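Note: the block below is upload_6.cif and it holds mmCIF, C-alpha atoms.
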data_my_file
loop_
_atom_site.group_PDB
_atom_site.id
_atom_site.type_symbol
_atom_site.label_atom_id
_atom_site.label_comp_id
_atom_site.auth_asym_id
_atom_site.auth_seq_id
_atom_site.Cartn_x
_atom_site.Cartn_y
_atom_site.Cartn_z
ATOM 1 C CA VAL A 23 1.249 -21.446 6.497
ATOM 2 C CA LEU A 24 0.433 -25.134 7.039
ATOM 3 C CA ARG A 25 -2.751 -26.476 8.541
ATOM 4 C CA ILE A 26 -3.358 -30.195 8.997
ATOM 5 C CA VAL A 27 -6.995 -31.253 9.014
ATOM 6 C CA LEU A 28 -7.287 -34.318 11.224
ATOM 7 C CA THR A 29 -9.962 -36.968 11.389
ATOM 8 C CA LEU A 30 -9.880 -38.499 14.851
ATOM 9 C CA ALA A 31 -11.371 -41.530 16.538
ATOM 10 C CA GLY A 32 -10.823 -40.723 20.175
ATOM 11 C CA GLU A 33 -7.085 -40.020 20.383
ATOM 12 C CA GLU A 34 -6.250 -42.035 17.257
ATOM 13 C CA VAL A 35 -5.560 -40.142 14.056
ATOM 14 C CA ILE A 36 -7.532 -41.755 11.248
ATOM 15 C CA LYS A 37 -6.676 -39.288 8.507
ATOM 16 C CA ALA A 38 -4.407 -36.250 8.145
ATOM 17 C CA VAL A 39 -4.873 -33.918 5.196
ATOM 18 C CA PRO A 40 -2.331 -31.098 4.776
ATOM 19 C CA ASP A 41 -3.928 -27.804 3.820
ATOM 20 C CA LEU A 42 -1.135 -25.659 2.383
ATOM 21 C CA GLY A 43 -1.834 -21.976 2.459
ATOM 22 C CA TYR A 44 0.057 -18.761 2.697
ATOM 23 C CA LEU A 45 0.419 -15.925 5.118
ATOM 24 C CA HIS A 46 -2.019 -13.340 3.945
ATOM 25 C CA ARG A 47 -2.165 -10.094 5.828
ATOM 26 C CA GLY A 48 -4.190 -8.116 3.358
ATOM 27 C CA MET A 49 -1.050 -6.639 1.830
ATOM 28 C CA GLU A 50 -2.753 -6.044 -1.502
ATOM 29 C CA LYS A 51 -5.492 -4.051 0.213
ATOM 30 C CA ILE A 52 -2.963 -2.064 2.244
ATOM 31 C CA ALA A 53 -1.033 -1.292 -0.945
ATOM 32 C CA GLU A 54 -4.152 0.168 -2.548
ATOM 33 C CA GLY A 55 -4.182 2.926 0.049
ATOM 34 C CA HIS A 56 -0.498 3.795 -0.236
ATOM 35 C CA GLY A 57 1.646 5.091 -3.043
ATOM 36 C CA TYR A 58 4.359 2.846 -4.440
ATOM 37 C CA HIS A 59 7.044 4.449 -2.297
ATOM 38 C CA LYS A 60 5.056 4.359 0.957
ATOM 39 C CA PHE A 61 4.467 0.620 0.559
ATOM 40 C CA ILE A 62 8.198 -0.277 0.577
ATOM 41 C CA PRO A 63 8.392 -0.871 4.395
ATOM 42 C CA TYR A 64 5.673 -3.515 4.143
ATOM 43 C CA THR A 65 7.785 -5.633 1.794
ATOM 44 C CA ASP A 66 10.233 -6.496 4.594
ATOM 45 C CA ARG A 67 7.457 -8.383 6.317
ATOM 46 C CA TRP A 68 6.618 -10.737 3.434
ATOM 47 C CA ASP A 69 9.386 -13.221 4.181
ATOM 48 C CA TYR A 70 11.210 -13.351 7.495
ATOM 49 C CA LEU A 71 13.980 -15.538 6.053
ATOM 50 C CA ALA A 72 15.283 -12.956 3.592
ATOM 51 C CA PRO A 73 13.486 -9.651 4.198
ATOM 52 C CA ILE A 74 15.927 -7.444 2.290
ATOM 53 C CA ALA A 75 15.378 -9.462 -0.893
ATOM 54 C CA ASN A 76 11.699 -8.515 -0.877
ATOM 55 C CA ASN A 77 12.561 -4.808 -0.896
ATOM 56 C CA MET A 78 14.709 -5.309 -3.964
ATOM 57 C CA THR A 79 12.123 -7.404 -5.798
ATOM 58 C CA TYR A 80 9.238 -5.022 -5.144
ATOM 59 C CA VAL A 81 11.179 -1.910 -6.105
ATOM 60 C CA THR A 82 12.640 -3.532 -9.223
ATOM 61 C CA ALA A 83 9.132 -4.552 -10.335
ATOM 62 C CA ILE A 84 7.902 -0.972 -9.844
ATOM 63 C CA GLU A 85 10.915 0.372 -11.762
ATOM 64 C CA LYS A 86 10.146 -1.937 -14.687
ATOM 65 C CA LEU A 87 6.473 -0.957 -14.671
ATOM 66 C CA MET A 88 7.379 2.746 -14.647
ATOM 67 C CA GLY A 89 10.286 2.492 -17.076
ATOM 68 C CA VAL A 90 12.755 3.795 -14.478
ATOM 69 C CA GLN A 91 16.412 2.823 -14.771
ATOM 70 C CA ALA A 92 18.381 2.875 -11.522
ATOM 71 C CA PRO A 93 22.078 3.824 -11.600
ATOM 72 C CA GLU A 94 24.415 0.903 -12.281
ATOM 73 C CA ARG A 95 25.892 0.972 -8.772
ATOM 74 C CA ALA A 96 22.423 0.892 -7.181
ATOM 75 C CA ASP A 97 21.519 -2.092 -9.365
ATOM 76 C CA ALA A 98 24.728 -3.811 -8.252
ATOM 77 C CA LEU A 99 23.876 -3.167 -4.595
ATOM 78 C CA LYS A 100 20.406 -4.608 -5.187
ATOM 79 C CA VAL A 101 21.908 -7.799 -6.606
ATOM 80 C CA ILE A 102 24.256 -8.046 -3.617
ATOM 81 C CA CYS A 103 21.283 -7.630 -1.255
ATOM 82 C CA TRP A 104 19.345 -10.325 -3.123
ATOM 83 C CA GLU A 105 22.279 -12.686 -2.748
ATOM 84 C CA ILE A 106 22.745 -11.877 0.931
ATOM 85 C CA GLY A 107 19.061 -12.637 1.453
ATOM 86 C CA ARG A 108 19.344 -15.885 -0.497
ATOM 87 C CA ILE A 109 22.333 -17.014 1.548
ATOM 88 C CA GLN A 110 20.557 -16.100 4.802
ATOM 89 C CA SER A 111 17.533 -18.113 3.756
ATOM 90 C CA HIS A 112 19.605 -21.151 2.774
ATOM 91 C CA LEU A 113 21.562 -20.969 6.021
ATOM 92 C CA LEU A 114 18.368 -21.065 8.043
ATOM 93 C CA GLY A 115 17.053 -23.956 5.954
ATOM 94 C CA LEU A 116 20.271 -25.923 6.368
ATOM 95 C CA GLY A 117 20.450 -25.168 10.085
ATOM 96 C CA ALA A 118 16.837 -26.205 10.681
ATOM 97 C CA PHE A 119 17.329 -29.404 8.674
ATOM 98 C CA ALA A 120 20.493 -30.226 10.588
ATOM 99 C CA MET A 121 18.741 -29.670 13.897
ATOM 100 C CA ASP A 122 15.851 -31.886 12.777
ATOM 101 C CA VAL A 123 18.296 -34.739 12.131
ATOM 102 C CA GLY A 124 20.090 -34.191 15.431
ATOM 103 C CA ALA A 125 22.994 -31.924 14.502
ATOM 104 C CA LEU A 126 22.479 -28.926 16.781
ATOM 105 C CA THR A 127 26.010 -27.606 16.211
ATOM 106 C CA ILE A 128 25.318 -26.852 12.541
ATOM 107 C CA PHE A 129 22.150 -24.986 13.498
ATOM 108 C CA LEU A 130 24.202 -22.753 15.790
ATOM 109 C CA TRP A 131 26.966 -22.297 13.235
ATOM 110 C CA THR A 132 24.556 -21.290 10.463
ATOM 111 C CA PHE A 133 23.173 -18.646 12.780
ATOM 112 C CA ARG A 134 26.734 -17.446 13.350
ATOM 113 C CA GLU A 135 27.040 -16.838 9.606
ATOM 114 C CA ARG A 136 23.602 -15.213 9.449
ATOM 115 C CA GLU A 137 24.673 -12.820 12.210
ATOM 116 C CA VAL A 138 27.677 -11.733 10.165
ATOM 117 C CA LEU A 139 25.350 -11.019 7.252
ATOM 118 C CA TYR A 140 22.882 -9.167 9.486
ATOM 119 C CA ASP A 141 25.769 -7.043 10.783
ATOM 120 C CA LEU A 142 26.682 -6.189 7.195
ATOM 121 C CA ILE A 143 23.067 -5.328 6.367
ATOM 122 C CA GLU A 144 22.840 -3.135 9.451
ATOM 123 C CA ARG A 145 25.954 -1.247 8.395
ATOM 124 C CA LEU A 146 24.533 -0.851 4.896
ATOM 125 C CA CYS A 147 21.108 0.494 5.757
ATOM 126 C CA GLY A 148 20.843 1.027 9.507
ATOM 127 C CA ALA A 149 18.550 -1.905 10.292
ATOM 128 C CA ARG A 150 19.089 -5.619 10.673
ATOM 129 C CA PHE A 151 15.721 -6.973 9.670
ATOM 130 C CA THR A 152 13.158 -4.437 8.478
ATOM 131 C CA THR A 153 15.529 -2.594 6.224
ATOM 132 C CA SER A 154 13.399 -0.614 3.768
ATOM 133 C CA TYR A 155 16.679 -0.030 1.918
ATOM 134 C CA ALA A 156 15.432 -0.119 -1.666
ATOM 135 C CA ARG A 157 14.073 2.980 -3.341
ATOM 136 C CA ILE A 158 12.336 3.401 -6.659
ATOM 137 C CA GLY A 159 15.221 4.432 -8.873
ATOM 138 C CA GLY A 160 17.966 3.140 -6.586
ATOM 139 C CA VAL A 161 18.704 2.479 -2.945
ATOM 140 C CA GLU A 162 18.532 4.604 0.198
ATOM 141 C CA ARG A 163 22.258 5.335 0.244
ATOM 142 C CA ASP A 164 25.557 4.039 -1.017
ATOM 143 C CA ALA A 165 27.502 1.371 0.839
ATOM 144 C CA PRO A 166 30.006 2.615 3.460
ATOM 145 C CA ALA A 167 33.598 2.800 2.247
ATOM 146 C CA ASP A 168 34.797 -0.375 3.979
ATOM 147 C CA TRP A 169 31.564 -2.350 3.531
ATOM 148 C CA LEU A 170 32.443 -4.068 0.258
ATOM 149 C CA ARG A 171 35.831 -5.049 1.698
ATOM 150 C CA ASP A 172 34.163 -6.704 4.686
ATOM 151 C CA LEU A 173 31.586 -8.400 2.457
ATOM 152 C CA LYS A 174 34.413 -9.740 0.303
ATOM 153 C CA ALA A 175 36.124 -11.114 3.422
ATOM 154 C CA PHE A 176 32.914 -12.943 4.338
ATOM 155 C CA CYS A 177 32.656 -14.335 0.804
ATOM 156 C CA GLU A 178 36.231 -15.597 0.961
ATOM 157 C CA GLU A 179 35.704 -17.347 4.328
ATOM 158 C CA PHE A 180 32.234 -18.696 3.660
ATOM 159 C CA PRO A 181 33.138 -21.669 1.390
ATOM 160 C CA ASP A 182 35.316 -23.102 4.186
ATOM 161 C CA ARG A 183 32.373 -22.772 6.588
ATOM 162 C CA VAL A 184 30.125 -24.638 4.159
ATOM 163 C CA ASP A 185 32.761 -27.394 3.944
ATOM 164 C CA GLU A 186 32.652 -27.630 7.754
ATOM 165 C CA TYR A 187 28.860 -28.039 7.666
ATOM 166 C CA GLU A 188 29.126 -30.749 5.046
ATOM 167 C CA ALA A 189 31.802 -32.588 7.013
ATOM 168 C CA LEU A 190 29.655 -32.522 10.150
ATOM 169 C CA LEU A 191 26.577 -33.759 8.299
ATOM 170 C CA THR A 192 28.302 -36.574 6.413
ATOM 171 C CA ARG A 193 30.530 -38.082 9.076
#
As structure tokens, the full file:
Amino acid sequence: VLRIVLTLAGEEVIKAVPDLGYLHRGMEKIAEGHGYHKFIPYTDRWDYLAPIANNMTYVTAIEKLMGVQAPERADALKVICWEIGRIQSHLLGLGAFAMDVGALTIFLWTFREREVLYDLIERLCGARFTTSYARIGGVERDAPADWLRDLKAFCEEFPDRVDEYEALLTR
């Protein structure tokens, strides 16, 4: 993802030029050989910070291209998955930043919150990371009966956790 091209004089760095790139695994070429539906599992691997969000984005793009309208509840579950992915990504970013400035506790706590979200994702679709939950025209299956209740409990507790992180970082 990041390469730094160095100019050296012995062991002394004379010049450092960042060469920003991207992880390219030939996904476009792989997609050419698969149908839209068969390519869904590959989308989990695009971003390891929020893999479930990639499923939703890919499938929603295909739905728009094909003129397919998913049921309202499936669309709502997609939005929830996007938000879970966004929160997971931000938690990792905050935790890594905190660790970089010497606050290891916050790094561990943000992973605690990510684990709760991964547990919820696992209950939703059967996998923690490579979910392949989205489907063209909806999602793999509906949420379990108590899943939304547990997600709501997380959402109610989470602002207090964020306040704890802020207090640790600013004191």
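Distances to Ala156 of chain A were evaluated for A:Lys174, A:Arg193, A:Lys60, A:His112 using all atoms listed in the file, and the minimum falls at A:Lys60.
If you look at atom CA of Leu130 of chain A and atom CA of Thr65 of chain A, they are 27.5 Å away from each other.
Compared by their closest atoms to Cys103 of chain A, and using all atoms listed in the file, the residues A:Pro73, A:Pro181, A:Gly124, A:Gly159 rank with A:Pro73 nearest.
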The PyMOL selection byres ((chain A and resi 152) around 9) resolved against shown file, as a PyMOL selection string: chain A and resi 63-67+73-74+149-151+153-155
Under the PyMOL selection byres ((chain A and resi 190) around 12), which residues of this model are included? Write them out as a PDB file with C-alpha atoms, in the frame of the given file.
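What follows is the written file part_38.pdb:
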ATOM      1  CA  GLY A 117      20.450 -25.168  10.085  1.00  0.00           C
ATOM      2  CA  ALA A 120      20.493 -30.226  10.588  1.00  0.00           C
ATOM      3  CA  MET A 121      18.741 -29.670  13.897  1.00  0.00           C
ATOM      4  CA  VAL A 123      18.296 -34.739  12.131  1.00  0.00           C
ATOM      5  CA  GLY A 124      20.090 -34.191  15.431  1.00  0.00           C
ATOM      6  CA  ALA A 125      22.994 -31.924  14.502  1.00  0.00           C
ATOM      7  CA  LEU A 126      22.479 -28.926  16.781  1.00  0.00           C
ATOM      8  CA  THR A 127      26.010 -27.606  16.211  1.00  0.00           C
ATOM      9  CA  ILE A 128      25.318 -26.852  12.541  1.00  0.00           C
ATOM     10  CA  PHE A 129      22.150 -24.986  13.498  1.00  0.00           C
ATOM     11  CA  TRP A 131      26.966 -22.297  13.235  1.00  0.00           C
ATOM     12  CA  ARG A 183      32.373 -22.772   6.588  1.00  0.00           C
ATOM     13  CA  VAL A 184      30.125 -24.638   4.159  1.00  0.00           C
ATOM     14  CA  ASP A 185      32.761 -27.394   3.944  1.00  0.00           C
ATOM     15  CA  GLU A 186      32.652 -27.630   7.754  1.00  0.00           C
ATOM     16  CA  TYR A 187      28.860 -28.039   7.666  1.00  0.00           C
ATOM     17  CA  GLU A 188      29.126 -30.749   5.046  1.00  0.00           C
ATOM     18  CA  ALA A 189      31.802 -32.588   7.013  1.00  0.00           C
ATOM     19  CA  LEU A 191      26.577 -33.759   8.299  1.00  0.00           C
ATOM     20  CA  THR A 192      28.302 -36.574   6.413  1.00  0.00           C
ATOM     21  CA  ARG A 193      30.530 -38.082   9.076  1.00  0.00           C
TER      22      ARG A 193
END
Residues near Asp97 of chain A, cut-off 12 Å, all atoms listed in the file, skip fewer than 5 positions along chain, as number ranges by chain: A: 78-79, 81-82, 85, 90-92, 102-104, 156-161, 164
Using 3 Å of padding on each side, determine the axis-aligned box around all atoms of segment 79-87 of chain A present in the file and give its centre and edge lengths in Å to one decimal, as AutoDock Vina command-line options.
--center_x 9.6 --center_y -3.5 --center_z -9.9 --size_x 12.2 --size_y 13.8 --size_z 15.5
Coordinates-based distance that separates atom CA of Lys86 of chain A from atom CA of Ala53 of chain A (Å, one decimal): 17.7 Å
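You can rank A:Ile109, A:Ala167, A:Leu116, A:Ala31 by their closest distance to Leu139 of chain A using only C-alpha atoms, and at the top of that list sits A:Ile109.
A straight line drawn from atom CA of Trp169 of chain A to atom CA of Asp141 of chain A is 10.4 Å long.
Residues matched by the PyMOL selection byres ((chain A and resi 166) around 12) in this structure: A:Leu99, A:Leu142, A:Ile143, A:Glu144, A:Arg145, A:Leu146, A:Cys147, A:Gly148, A:Arg163, A:Asp164, A:Ala165, A:Ala167, A:Asp168, A:Trp169, A:Leu170, A:Arg171, A:Asp172, A:Leu173.
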All residues 9 Å or closer to Thr29 of chain A, only C-alpha atoms, same chain fewer than 3 positions away omitted, as a VMD selection string: chain A and resid 34 to 39
Best match for closeness to Glu179 of chain A among A:Val138, A:Glu162, A:Ala72, A:Ser111, counting all atoms listed in the file: A:Val138
